[in-house]
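Reviewing the structure listed below.
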Amino acid sequence: MRAGATLAGVAAGLLLSACGPGEPPPDPQAALVARGERIFFEETFAGNGRTCGTCHRAEDNFSLSPALIATLPADDPLFVAEFVPELAENFEKPELMRRFGLILENLDGFDDLANRFTLRGVPHVLGLRTSIASPDGPRTGWSGDGAPGDGSLRSFAVGAVIQHFTRTTRRVAGVDFRLPTEEELDALEAFQLSLGRQQDLALPLPLRDPVALRGQAIFLDPALGKCSLCHVNAGSSADLGGGNLGNQNFDTGVETLPDQPAALFGAVVPPDDGFGTPGNGTFNTPPLVEAADTGPFFHDNAVATLEAAIAFYDGDSFNESPAGRVLAAADPEGDGIELDATQIGALAAFLRVINGLENIRASVELLERVAGLGHFERREGARLLERALEETRDARDVLAGAGLHPDAVAELERARALEEKALQSIFLRGDRARQALRALEQTRDRLIEAH
Amino acid sequence: MRLASLGIALVVALLCDASLAHGQRATERFIPIGQSPGISGRLSTQGTIVGVDPGQRRIAIETPTGRVSVRVEDSTRIWIDRHDRGEGVLSGSFDDLCEGCSAEVKYADPETREVAEWVKLQPPAPSP
């Protein structure tokens, strides 16, 4: 009976998916996003072979970690400086790219390529709709000034093509690359804005794990963690007591950290002066919801783990920085940020859990789309399922990485197995996707009370 | 607590960078005249230089909508656009601003339209 019902369902699905009339009209915004996605991952702009997706890897949360770099073939366009003679000098620092995931940028100008450059990690592009707006205009990139033209996200791609896609370091438009058209900029912006969260969280959340719950309390405590002063709702907006300031830049002293990993390997890396030319030493505030699965951390990938990134705020580099001194001056005890190891662990647990919840949200959204596809949309189904698998894997990893919620980790393994089956299934893709979806919803219930 | 909040609110101006949305100058120089995203045709003026006053450090530009005058300060970036010849952009100076040059000017303040933040110029093609 069940098999018969399933076959009948499959037959009905086949019939429905073959029907043209009754289908919703094409959504212009969805079409623009789809076009932007194609450009993001496939368009080289007649340059050296790189695309936006060369550095903002979909399988690495639109970021780029040394672990992923180690898996890439030698002829990946990321490594053009290693096999294109015209880019062998002053285009990248290949060893530092491979070891630390650092990309060369000439943010203070191109007049002295050998000596005037910075090396920065690749920021993810998730949740941009929530994270770049400020009263002073959009803030893009690590220092908030990443885009030429009007400084907007839409204009960002133009600067990226000039910096990273060029065939030679002469950078002549029309010769070494072509600039994106207005239509391409519209599509790229729409695609990037579609990625990840479309709204901020509303903290506090009714989390079930006592350690994560304590971490949230520390995060929100203006006298202890002080995190939410610059990361309202674990996002990227600041509220220092006078209302929401949107996304802001701060000098937090990352550049003064001792024992920088690149320096320990003997590399000479020029200081990064942040916003503007010459820079004022400030860097942009990234959102934290996505932090746990997008390391390494800070603009120069200075630390590899989430726990070390949090511990940074308990150290001298932060507390003696302009931002740290201001926090201390406003504190009745004169303290900047003082945290013990258990409190750092609790903050990390909180960030890991909210990152896991975001992974689950994203995976559920993808599986819902899979469940709604017609039978013949196999390619799209596979694409969505592969992304769902990555999100579910990330949820598992961020929790398991700190021994959090073993029950939820096991449930996530089950969801992953179902997603795998959906990916391999010819006739039962939708059913398997719905089963995985239910497993994810059960996982979510283990992390947070229904609210 | 209110005092602490007030104190924090007061120092925000010192702590945060208060400058306006910042178009990156480093890569701007490589964008040909008339193609700066969000700027060209909106927040810039494009035309032909018809007057150069070194004393006042001003240039006059003839545009399709009339003649405009803009001041060039030490902080103004000047770039020589050679894309029409398939050659790279050069950094320039006030001395490169010549009558007959094509030019695009981005204003430091789009409201007052008084001072140039940057000038891109293209010298006239040499006579055959």
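The chains in the structure tokens are called A, B, ... from first to last as shown; in each chain the residues are counted from 1, and the ligands are counted from 1 in the order shown.
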Env of Glu28 (chain B): 10 Å cut, atoms = only C-alpha atoms, seq-sep filter 5 positions within chain, self excluded. Answer as a list in words. Gly109, Ala147, Pro148, Gly149, Val158, Gly159 and Ile162 of chain A; Gly23, Gln35, Ser36, Pro37, Trp79, Trp118 and Lys120 of chain B
I need the chosen residues saved as a PDB file, in the first residue's frame, with N, CA, C and O atoms.
ATOM      1  N   GLY A 109      47.281  52.377  -2.657  1.00  0.00           N
ATOM      2  CA  GLY A 109      47.779  52.822  -3.948  1.00  0.00           C
ATOM      3  C   GLY A 109      48.682  51.805  -4.626  1.00  0.00           C
ATOM      4  O   GLY A 109      49.190  50.883  -3.988  1.00  0.00           O
ATOM      5  N   ALA A 147      35.172  49.503  -1.771  1.00  0.00           N
ATOM      6  CA  ALA A 147      34.617  49.692  -3.113  1.00  0.00           C
ATOM      7  C   ALA A 147      35.013  51.042  -3.698  1.00  0.00           C
ATOM      8  O   ALA A 147      34.975  52.056  -3.002  1.00  0.00           O
ATOM      9  N   PRO A 148      35.363  51.080  -4.977  1.00  0.00           N
ATOM     10  CA  PRO A 148      35.585  52.378  -5.633  1.00  0.00           C
ATOM     11  C   PRO A 148      34.239  53.023  -5.948  1.00  0.00           C
ATOM     12  O   PRO A 148      33.206  52.587  -5.430  1.00  0.00           O
ATOM     13  N   GLY A 149      34.257  54.047  -6.793  1.00  0.00           N
ATOM     14  CA  GLY A 149      33.001  54.710  -7.169  1.00  0.00           C
ATOM     15  C   GLY A 149      32.324  55.281  -5.939  1.00  0.00           C
ATOM     16  O   GLY A 149      32.936  55.989  -5.141  1.00  0.00           O
ATOM     17  N   VAL A 158      33.755  46.158  -9.111  1.00  0.00           N
ATOM     18  CA  VAL A 158      34.659  46.874 -10.023  1.00  0.00           C
ATOM     19  C   VAL A 158      36.071  46.904  -9.448  1.00  0.00           C
ATOM     20  O   VAL A 158      37.060  46.605 -10.130  1.00  0.00           O
ATOM     21  N   GLY A 159      36.163  47.245  -8.171  1.00  0.00           N
ATOM     22  CA  GLY A 159      37.476  47.266  -7.532  1.00  0.00           C
ATOM     23  C   GLY A 159      38.097  45.880  -7.451  1.00  0.00           C
ATOM     24  O   GLY A 159      39.308  45.712  -7.620  1.00  0.00           O
ATOM     25  N   ILE A 162      39.637  44.912 -10.764  1.00  0.00           N
ATOM     26  CA  ILE A 162      40.896  45.636 -10.994  1.00  0.00           C
ATOM     27  C   ILE A 162      42.021  45.052 -10.139  1.00  0.00           C
ATOM     28  O   ILE A 162      43.136  44.829 -10.611  1.00  0.00           O
TER      29      ILE A 162
ATOM     30  N   GLY B  23      34.590  56.048  -1.201  1.00  0.00           N
ATOM     31  CA  GLY B  23      34.957  55.370  -2.436  1.00  0.00           C
ATOM     32  C   GLY B  23      36.455  55.129  -2.441  1.00  0.00           C
ATOM     33  O   GLY B  23      37.242  56.038  -2.194  1.00  0.00           O
ATOM     34  N   GLN B  35      33.131  55.973 -16.340  1.00  0.00           N
ATOM     35  CA  GLN B  35      32.678  54.622 -15.988  1.00  0.00           C
ATOM     36  C   GLN B  35      32.723  54.336 -14.484  1.00  0.00           C
ATOM     37  O   GLN B  35      32.618  53.178 -14.080  1.00  0.00           O
ATOM     38  N   SER B  36      32.880  55.355 -13.663  1.00  0.00           N
ATOM     39  CA  SER B  36      32.964  55.105 -12.225  1.00  0.00           C
ATOM     40  C   SER B  36      31.581  54.747 -11.685  1.00  0.00           C
ATOM     41  O   SER B  36      30.631  55.527 -11.795  1.00  0.00           O
ATOM     42  N   PRO B  37      31.457  53.558 -11.085  1.00  0.00           N
ATOM     43  CA  PRO B  37      30.120  53.092 -10.686  1.00  0.00           C
ATOM     44  C   PRO B  37      29.490  53.955  -9.601  1.00  0.00           C
ATOM     45  O   PRO B  37      30.102  54.204  -8.566  1.00  0.00           O
ATOM     46  N   TRP B  79      44.608  61.916 -12.261  1.00  0.00           N
ATOM     47  CA  TRP B  79      45.025  60.720 -12.979  1.00  0.00           C
ATOM     48  C   TRP B  79      44.916  60.944 -14.490  1.00  0.00           C
ATOM     49  O   TRP B  79      43.934  61.533 -14.967  1.00  0.00           O
ATOM     50  N   TRP B 118      38.793  64.087  -7.055  1.00  0.00           N
ATOM     51  CA  TRP B 118      39.721  63.583  -8.054  1.00  0.00           C
ATOM     52  C   TRP B 118      39.372  64.119  -9.424  1.00  0.00           C
ATOM     53  O   TRP B 118      38.234  64.522  -9.676  1.00  0.00           O
ATOM     54  N   LYS B 120      40.055  62.974 -13.474  1.00  0.00           N
ATOM     55  CA  LYS B 120      40.623  62.092 -14.491  1.00  0.00           C
ATOM     56  C   LYS B 120      40.687  62.902 -15.775  1.00  0.00           C
ATOM     57  O   LYS B 120      39.705  63.566 -16.140  1.00  0.00           O
TER      58      LYS B 120
END
Could you list, as a PyMOL selection string, every residue of chain A that has an atom within 8 Å of an atom of chain B, counting only C-alpha atoms? chain A and resi 106-110+136-139+144-152+154-155+158-159+162-163+170-175+182+240-242+248-251+276-277+282+322-323+326-327+330-332
Those same residues, written as a PDB file, in the first residue's frame with C-alpha atoms?
ATOM      1  CA  ASN A 106      47.062  47.575  -2.712  1.00  0.00           C
ATOM      2  CA  LEU A 107      44.625  49.612  -0.686  1.00  0.00           C
ATOM      3  CA  ASP A 108      46.907  52.611  -0.275  1.00  0.00           C
ATOM      4  CA  GLY A 109      47.779  52.822  -3.948  1.00  0.00           C
ATOM      5  CA  PHE A 110      49.601  51.064  -6.759  1.00  0.00           C
ATOM      6  CA  ASP A 136      27.533  57.318   6.716  1.00  0.00           C
ATOM      7  CA  GLY A 137      26.808  54.960   3.844  1.00  0.00           C
ATOM      8  CA  PRO A 138      27.709  51.344   3.152  1.00  0.00           C
ATOM      9  CA  ARG A 139      30.875  49.872   4.619  1.00  0.00           C
ATOM     10  CA  GLY A 144      34.771  49.517   5.283  1.00  0.00           C
ATOM     11  CA  ASP A 145      36.270  51.227   2.235  1.00  0.00           C
ATOM     12  CA  GLY A 146      36.569  48.324  -0.171  1.00  0.00           C
ATOM     13  CA  ALA A 147      34.617  49.692  -3.113  1.00  0.00           C
ATOM     14  CA  PRO A 148      35.585  52.378  -5.633  1.00  0.00           C
ATOM     15  CA  GLY A 149      33.001  54.710  -7.169  1.00  0.00           C
ATOM     16  CA  ASP A 150      30.288  55.477  -4.650  1.00  0.00           C
ATOM     17  CA  GLY A 151      31.644  52.974  -2.121  1.00  0.00           C
ATOM     18  CA  SER A 152      28.587  50.727  -2.364  1.00  0.00           C
ATOM     19  CA  ARG A 154      27.168  47.320  -6.047  1.00  0.00           C
ATOM     20  CA  SER A 155      30.443  49.036  -6.914  1.00  0.00           C
ATOM     21  CA  VAL A 158      34.659  46.874 -10.023  1.00  0.00           C
ATOM     22  CA  GLY A 159      37.476  47.266  -7.532  1.00  0.00           C
ATOM     23  CA  ILE A 162      40.896  45.636 -10.994  1.00  0.00           C
ATOM     24  CA  GLN A 163      42.760  44.286  -7.963  1.00  0.00           C
ATOM     25  CA  ARG A 170      49.620  47.294 -15.396  1.00  0.00           C
ATOM     26  CA  ARG A 171      45.864  46.936 -14.902  1.00  0.00           C
ATOM     27  CA  VAL A 172      44.625  48.502 -18.126  1.00  0.00           C
ATOM     28  CA  ALA A 173      40.854  48.223 -18.512  1.00  0.00           C
ATOM     29  CA  GLY A 174      39.986  46.767 -21.890  1.00  0.00           C
ATOM     30  CA  VAL A 175      43.395  45.078 -22.115  1.00  0.00           C
ATOM     31  CA  GLU A 182      25.831  48.148 -15.125  1.00  0.00           C
ATOM     32  CA  LEU A 240      27.239  52.339  22.596  1.00  0.00           C
ATOM     33  CA  GLY A 241      24.356  53.580  24.674  1.00  0.00           C
ATOM     34  CA  GLY A 242      22.927  56.272  22.463  1.00  0.00           C
ATOM     35  CA  GLN A 248      31.007  51.075  12.399  1.00  0.00           C
ATOM     36  CA  ASN A 249      34.791  51.010  12.226  1.00  0.00           C
ATOM     37  CA  PHE A 250      37.037  50.685  15.292  1.00  0.00           C
ATOM     38  CA  ASP A 251      40.728  50.456  16.041  1.00  0.00           C
ATOM     39  CA  GLY A 276      41.209  55.453   4.105  1.00  0.00           C
ATOM     40  CA  THR A 277      44.413  56.562   2.441  1.00  0.00           C
ATOM     41  CA  THR A 282      40.203  51.416  12.033  1.00  0.00           C
ATOM     42  CA  PRO A 322      41.845  53.126  21.240  1.00  0.00           C
ATOM     43  CA  ALA A 323      38.666  51.032  21.428  1.00  0.00           C
ATOM     44  CA  VAL A 326      37.432  53.981  25.645  1.00  0.00           C
ATOM     45  CA  LEU A 327      35.662  50.958  27.104  1.00  0.00           C
ATOM     46  CA  ALA A 330      33.530  54.310  30.585  1.00  0.00           C
ATOM     47  CA  ASP A 331      33.727  51.439  33.103  1.00  0.00           C
ATOM     48  CA  PRO A 332      33.153  52.275  36.790  1.00  0.00           C
TER      49      PRO A 332
END
Looking only at the backbone, which of the residues in chain B does DSSP tag as strand (DSSP E or B), as a PyMOL selection string? chain B and resi 44-53+58-63+66-71+77-80+90-91+102-107+115-122
Keeping C-alpha atoms, export the residues of the selection given above as a PDB file, in the first residue's frame.
ATOM      1  CA  SER B  44      30.687  63.901 -11.221  1.00  0.00           C
ATOM      2  CA  THR B  45      31.032  66.362 -14.053  1.00  0.00           C
ATOM      3  CA  GLN B  46      32.420  65.392 -17.411  1.00  0.00           C
ATOM      4  CA  GLY B  47      33.484  67.606 -20.275  1.00  0.00           C
ATOM      5  CA  THR B  48      36.400  69.465 -21.845  1.00  0.00           C
ATOM      6  CA  ILE B  49      38.777  71.711 -19.945  1.00  0.00           C
ATOM      7  CA  VAL B  50      38.492  75.218 -21.371  1.00  0.00           C
ATOM      8  CA  GLY B  51      40.422  77.169 -18.780  1.00  0.00           C
ATOM      9  CA  VAL B  52      43.251  76.598 -16.285  1.00  0.00           C
ATOM     10  CA  ASP B  53      44.051  79.181 -13.612  1.00  0.00           C
ATOM     11  CA  ARG B  58      40.929  76.336 -10.618  1.00  0.00           C
ATOM     12  CA  ILE B  59      39.888  74.735 -13.867  1.00  0.00           C
ATOM     13  CA  ALA B  60      36.898  75.531 -16.046  1.00  0.00           C
ATOM     14  CA  ILE B  61      35.133  72.678 -17.782  1.00  0.00           C
ATOM     15  CA  GLU B  62      32.676  72.953 -20.631  1.00  0.00           C
ATOM     16  CA  THR B  63      29.941  70.364 -20.134  1.00  0.00           C
ATOM     17  CA  GLY B  66      27.151  74.609 -19.352  1.00  0.00           C
ATOM     18  CA  ARG B  67      30.475  75.743 -17.996  1.00  0.00           C
ATOM     19  CA  VAL B  68      31.561  74.832 -14.465  1.00  0.00           C
ATOM     20  CA  SER B  69      34.546  75.893 -12.389  1.00  0.00           C
ATOM     21  CA  VAL B  70      36.173  73.696  -9.750  1.00  0.00           C
ATOM     22  CA  ARG B  71      39.093  74.154  -7.383  1.00  0.00           C
ATOM     23  CA  ARG B  77      44.086  63.175  -6.992  1.00  0.00           C
ATOM     24  CA  ILE B  78      44.834  63.710 -10.667  1.00  0.00           C
ATOM     25  CA  TRP B  79      45.025  60.720 -12.979  1.00  0.00           C
ATOM     26  CA  ILE B  80      45.925  60.639 -16.656  1.00  0.00           C
ATOM     27  CA  LEU B  90      49.528  57.670 -14.774  1.00  0.00           C
ATOM     28  CA  SER B  91      49.465  59.829 -11.692  1.00  0.00           C
ATOM     29  CA  SER B 102      38.756  65.653 -21.690  1.00  0.00           C
ATOM     30  CA  ALA B 103      38.108  65.493 -17.967  1.00  0.00           C
ATOM     31  CA  GLU B 104      35.875  64.003 -15.342  1.00  0.00           C
ATOM     32  CA  VAL B 105      35.724  65.587 -11.905  1.00  0.00           C
ATOM     33  CA  LYS B 106      34.344  64.049  -8.740  1.00  0.00           C
ATOM     34  CA  TYR B 107      33.475  66.648  -6.159  1.00  0.00           C
ATOM     35  CA  VAL B 115      36.469  71.291  -4.676  1.00  0.00           C
ATOM     36  CA  ALA B 116      37.580  68.303  -6.739  1.00  0.00           C
ATOM     37  CA  GLU B 117      38.253  65.028  -4.886  1.00  0.00           C
ATOM     38  CA  TRP B 118      39.721  63.583  -8.054  1.00  0.00           C
ATOM     39  CA  VAL B 119      40.204  64.564 -11.664  1.00  0.00           C
ATOM     40  CA  LYS B 120      40.623  62.092 -14.491  1.00  0.00           C
ATOM     41  CA  LEU B 121      41.922  63.637 -17.658  1.00  0.00           C
ATOM     42  CA  GLN B 122      42.628  62.514 -21.162  1.00  0.00           C
TER      43      GLN B 122
END
Need the shell around Phe79 (chain A): protein/DNA/RNA residues with any atom at most 10 Å away, counting only C-alpha atoms. Skip same-chain ones fewer than 3 positions apart. Format as an MDAnalysis selection string? chainID A and resid 50 54 69 72:76 82:84 87 92:94 97:98
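By only C-alpha atoms, and with residues fewer than 2 positions from Gly246 (chain A) along its chain excluded, the set lying at most 10 Å from it is Thr130, Ser131, Ile132, Ala133, Ser134, Pro135, Asp136, Gly137, Pro138, Arg139, Cys230, His231, Val232, Gly235, Ser236, Ser237, Ala238, Asp239, Gly243, Asn244, Gln248 and Thr285 of chain A.
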Would you kindly return, as a ChimeraX atom specification, each protein, DNA or RNA residue with an atom no farther than 10 Å from any atom of Leu351 (chain A), considering only C-alpha atoms and excluding same-chain residues fewer than 6 positions away? /A:212,215-216,219,234,288-293,306-307,345,357,398-399
Same residues, N, CA, C and O atoms, output as a PDB file, in the first residue's frame:
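Resulting contents of out-v8.pdb:
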ATOM      1  N   ALA A 212      26.034  27.770  26.923  1.00  0.00           N
ATOM      2  CA  ALA A 212      25.739  28.739  25.858  1.00  0.00           C
ATOM      3  C   ALA A 212      24.849  29.862  26.386  1.00  0.00           C
ATOM      4  O   ALA A 212      25.011  31.032  26.015  1.00  0.00           O
ATOM      5  N   GLY A 215      26.957  32.131  28.220  1.00  0.00           N
ATOM      6  CA  GLY A 215      27.724  32.893  27.235  1.00  0.00           C
ATOM      7  C   GLY A 215      26.913  34.044  26.664  1.00  0.00           C
ATOM      8  O   GLY A 215      27.419  35.162  26.492  1.00  0.00           O
ATOM      9  N   GLN A 216      25.640  33.767  26.409  1.00  0.00           N
ATOM     10  CA  GLN A 216      24.774  34.836  25.896  1.00  0.00           C
ATOM     11  C   GLN A 216      24.633  35.958  26.925  1.00  0.00           C
ATOM     12  O   GLN A 216      24.652  37.150  26.563  1.00  0.00           O
ATOM     13  N   PHE A 219      27.721  37.933  26.902  1.00  0.00           N
ATOM     14  CA  PHE A 219      27.747  38.699  25.647  1.00  0.00           C
ATOM     15  C   PHE A 219      26.943  39.992  25.786  1.00  0.00           C
ATOM     16  O   PHE A 219      27.370  41.061  25.337  1.00  0.00           O
ATOM     17  N   ALA A 234      24.422  40.147  18.099  1.00  0.00           N
ATOM     18  CA  ALA A 234      25.493  39.336  17.508  1.00  0.00           C
ATOM     19  C   ALA A 234      25.686  39.630  16.021  1.00  0.00           C
ATOM     20  O   ALA A 234      26.242  38.820  15.276  1.00  0.00           O
ATOM     21  N   LEU A 288      28.729  38.412  13.939  1.00  0.00           N
ATOM     22  CA  LEU A 288      29.262  37.270  14.684  1.00  0.00           C
ATOM     23  C   LEU A 288      28.426  36.003  14.528  1.00  0.00           C
ATOM     24  O   LEU A 288      28.902  34.925  14.891  1.00  0.00           O
ATOM     25  N   VAL A 289      27.214  36.126  14.026  1.00  0.00           N
ATOM     26  CA  VAL A 289      26.381  34.918  13.889  1.00  0.00           C
ATOM     27  C   VAL A 289      27.102  33.881  13.035  1.00  0.00           C
ATOM     28  O   VAL A 289      27.048  32.684  13.305  1.00  0.00           O
ATOM     29  N   GLU A 290      27.807  34.337  12.023  1.00  0.00           N
ATOM     30  CA  GLU A 290      28.479  33.422  11.094  1.00  0.00           C
ATOM     31  C   GLU A 290      29.941  33.183  11.470  1.00  0.00           C
ATOM     32  O   GLU A 290      30.691  32.577  10.690  1.00  0.00           O
ATOM     33  N   ALA A 291      30.360  33.658  12.646  1.00  0.00           N
ATOM     34  CA  ALA A 291      31.793  33.622  12.950  1.00  0.00           C
ATOM     35  C   ALA A 291      32.339  32.207  13.113  1.00  0.00           C
ATOM     36  O   ALA A 291      33.434  31.889  12.628  1.00  0.00           O
ATOM     37  N   ALA A 292      31.600  31.348  13.802  1.00  0.00           N
ATOM     38  CA  ALA A 292      32.178  30.063  14.226  1.00  0.00           C
ATOM     39  C   ALA A 292      32.624  29.187  13.053  1.00  0.00           C
ATOM     40  O   ALA A 292      33.545  28.380  13.213  1.00  0.00           O
ATOM     41  N   ASP A 293      31.977  29.336  11.891  1.00  0.00           N
ATOM     42  CA  ASP A 293      32.391  28.491  10.762  1.00  0.00           C
ATOM     43  C   ASP A 293      33.048  29.290   9.630  1.00  0.00           C
ATOM     44  O   ASP A 293      33.079  28.851   8.485  1.00  0.00           O
ATOM     45  N   LEU A 306      37.994  30.226  17.166  1.00  0.00           N
ATOM     46  CA  LEU A 306      37.001  31.140  17.730  1.00  0.00           C
ATOM     47  C   LEU A 306      37.355  31.515  19.161  1.00  0.00           C
ATOM     48  O   LEU A 306      37.238  32.684  19.560  1.00  0.00           O
ATOM     49  N   GLU A 307      37.808  30.537  19.925  1.00  0.00           N
ATOM     50  CA  GLU A 307      38.145  30.791  21.321  1.00  0.00           C
ATOM     51  C   GLU A 307      39.305  31.796  21.420  1.00  0.00           C
ATOM     52  O   GLU A 307      39.294  32.691  22.274  1.00  0.00           O
ATOM     53  N   GLY A 345      35.091  30.383  27.200  1.00  0.00           N
ATOM     54  CA  GLY A 345      34.466  29.161  26.699  1.00  0.00           C
ATOM     55  C   GLY A 345      32.965  29.308  26.551  1.00  0.00           C
ATOM     56  O   GLY A 345      32.374  28.826  25.580  1.00  0.00           O
ATOM     57  N   LEU A 357      22.530  27.221  14.711  1.00  0.00           N
ATOM     58  CA  LEU A 357      21.123  27.514  14.420  1.00  0.00           C
ATOM     59  C   LEU A 357      20.974  28.182  13.050  1.00  0.00           C
ATOM     60  O   LEU A 357      20.024  27.903  12.312  1.00  0.00           O
ATOM     61  N   VAL A 398      30.468  22.945  14.106  1.00  0.00           N
ATOM     62  CA  VAL A 398      30.618  24.029  15.091  1.00  0.00           C
ATOM     63  C   VAL A 398      30.195  23.562  16.478  1.00  0.00           C
ATOM     64  O   VAL A 398      30.741  24.019  17.482  1.00  0.00           O
ATOM     65  N   LEU A 399      29.235  22.656  16.535  1.00  0.00           N
ATOM     66  CA  LEU A 399      28.820  22.129  17.844  1.00  0.00           C
ATOM     67  C   LEU A 399      29.828  21.104  18.351  1.00  0.00           C
ATOM     68  O   LEU A 399      30.291  21.165  19.498  1.00  0.00           O
TER      69      LEU A 399
END
What is the distance, in Å and to one decimal place, between CA of Thr65 (chain B) and CA of Asp96 (chain B)? 24.5 Å
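Close contacts of Phe45 (chain A), defined as residues with an atom at most 10 Å away when counting only C-alpha atoms, with chain neighbours fewer than 6 positions off set aside, comprise Ile39, Thr51, Val161, Ile162, Phe165, Thr166, Gly174, Asp176, Phe177, Arg178, Leu179, Pro180 and Thr181 of chain A.
The protein and nucleic acid residues lying at most 8 Å from region 29-33 of chain A are Glu37, Asp186, Ala187, Leu188, Ala190, Phe191 and Ser194 of chain A, with only C-alpha atoms considered and sequence neighbours fewer than 4 positions away removed.
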Pick from B:Ile33, B:Gly92, B:Arg113, B:Ala125, whichever lies nearest to Asp74 (chain B) using only C-alpha atoms: B:Gly92
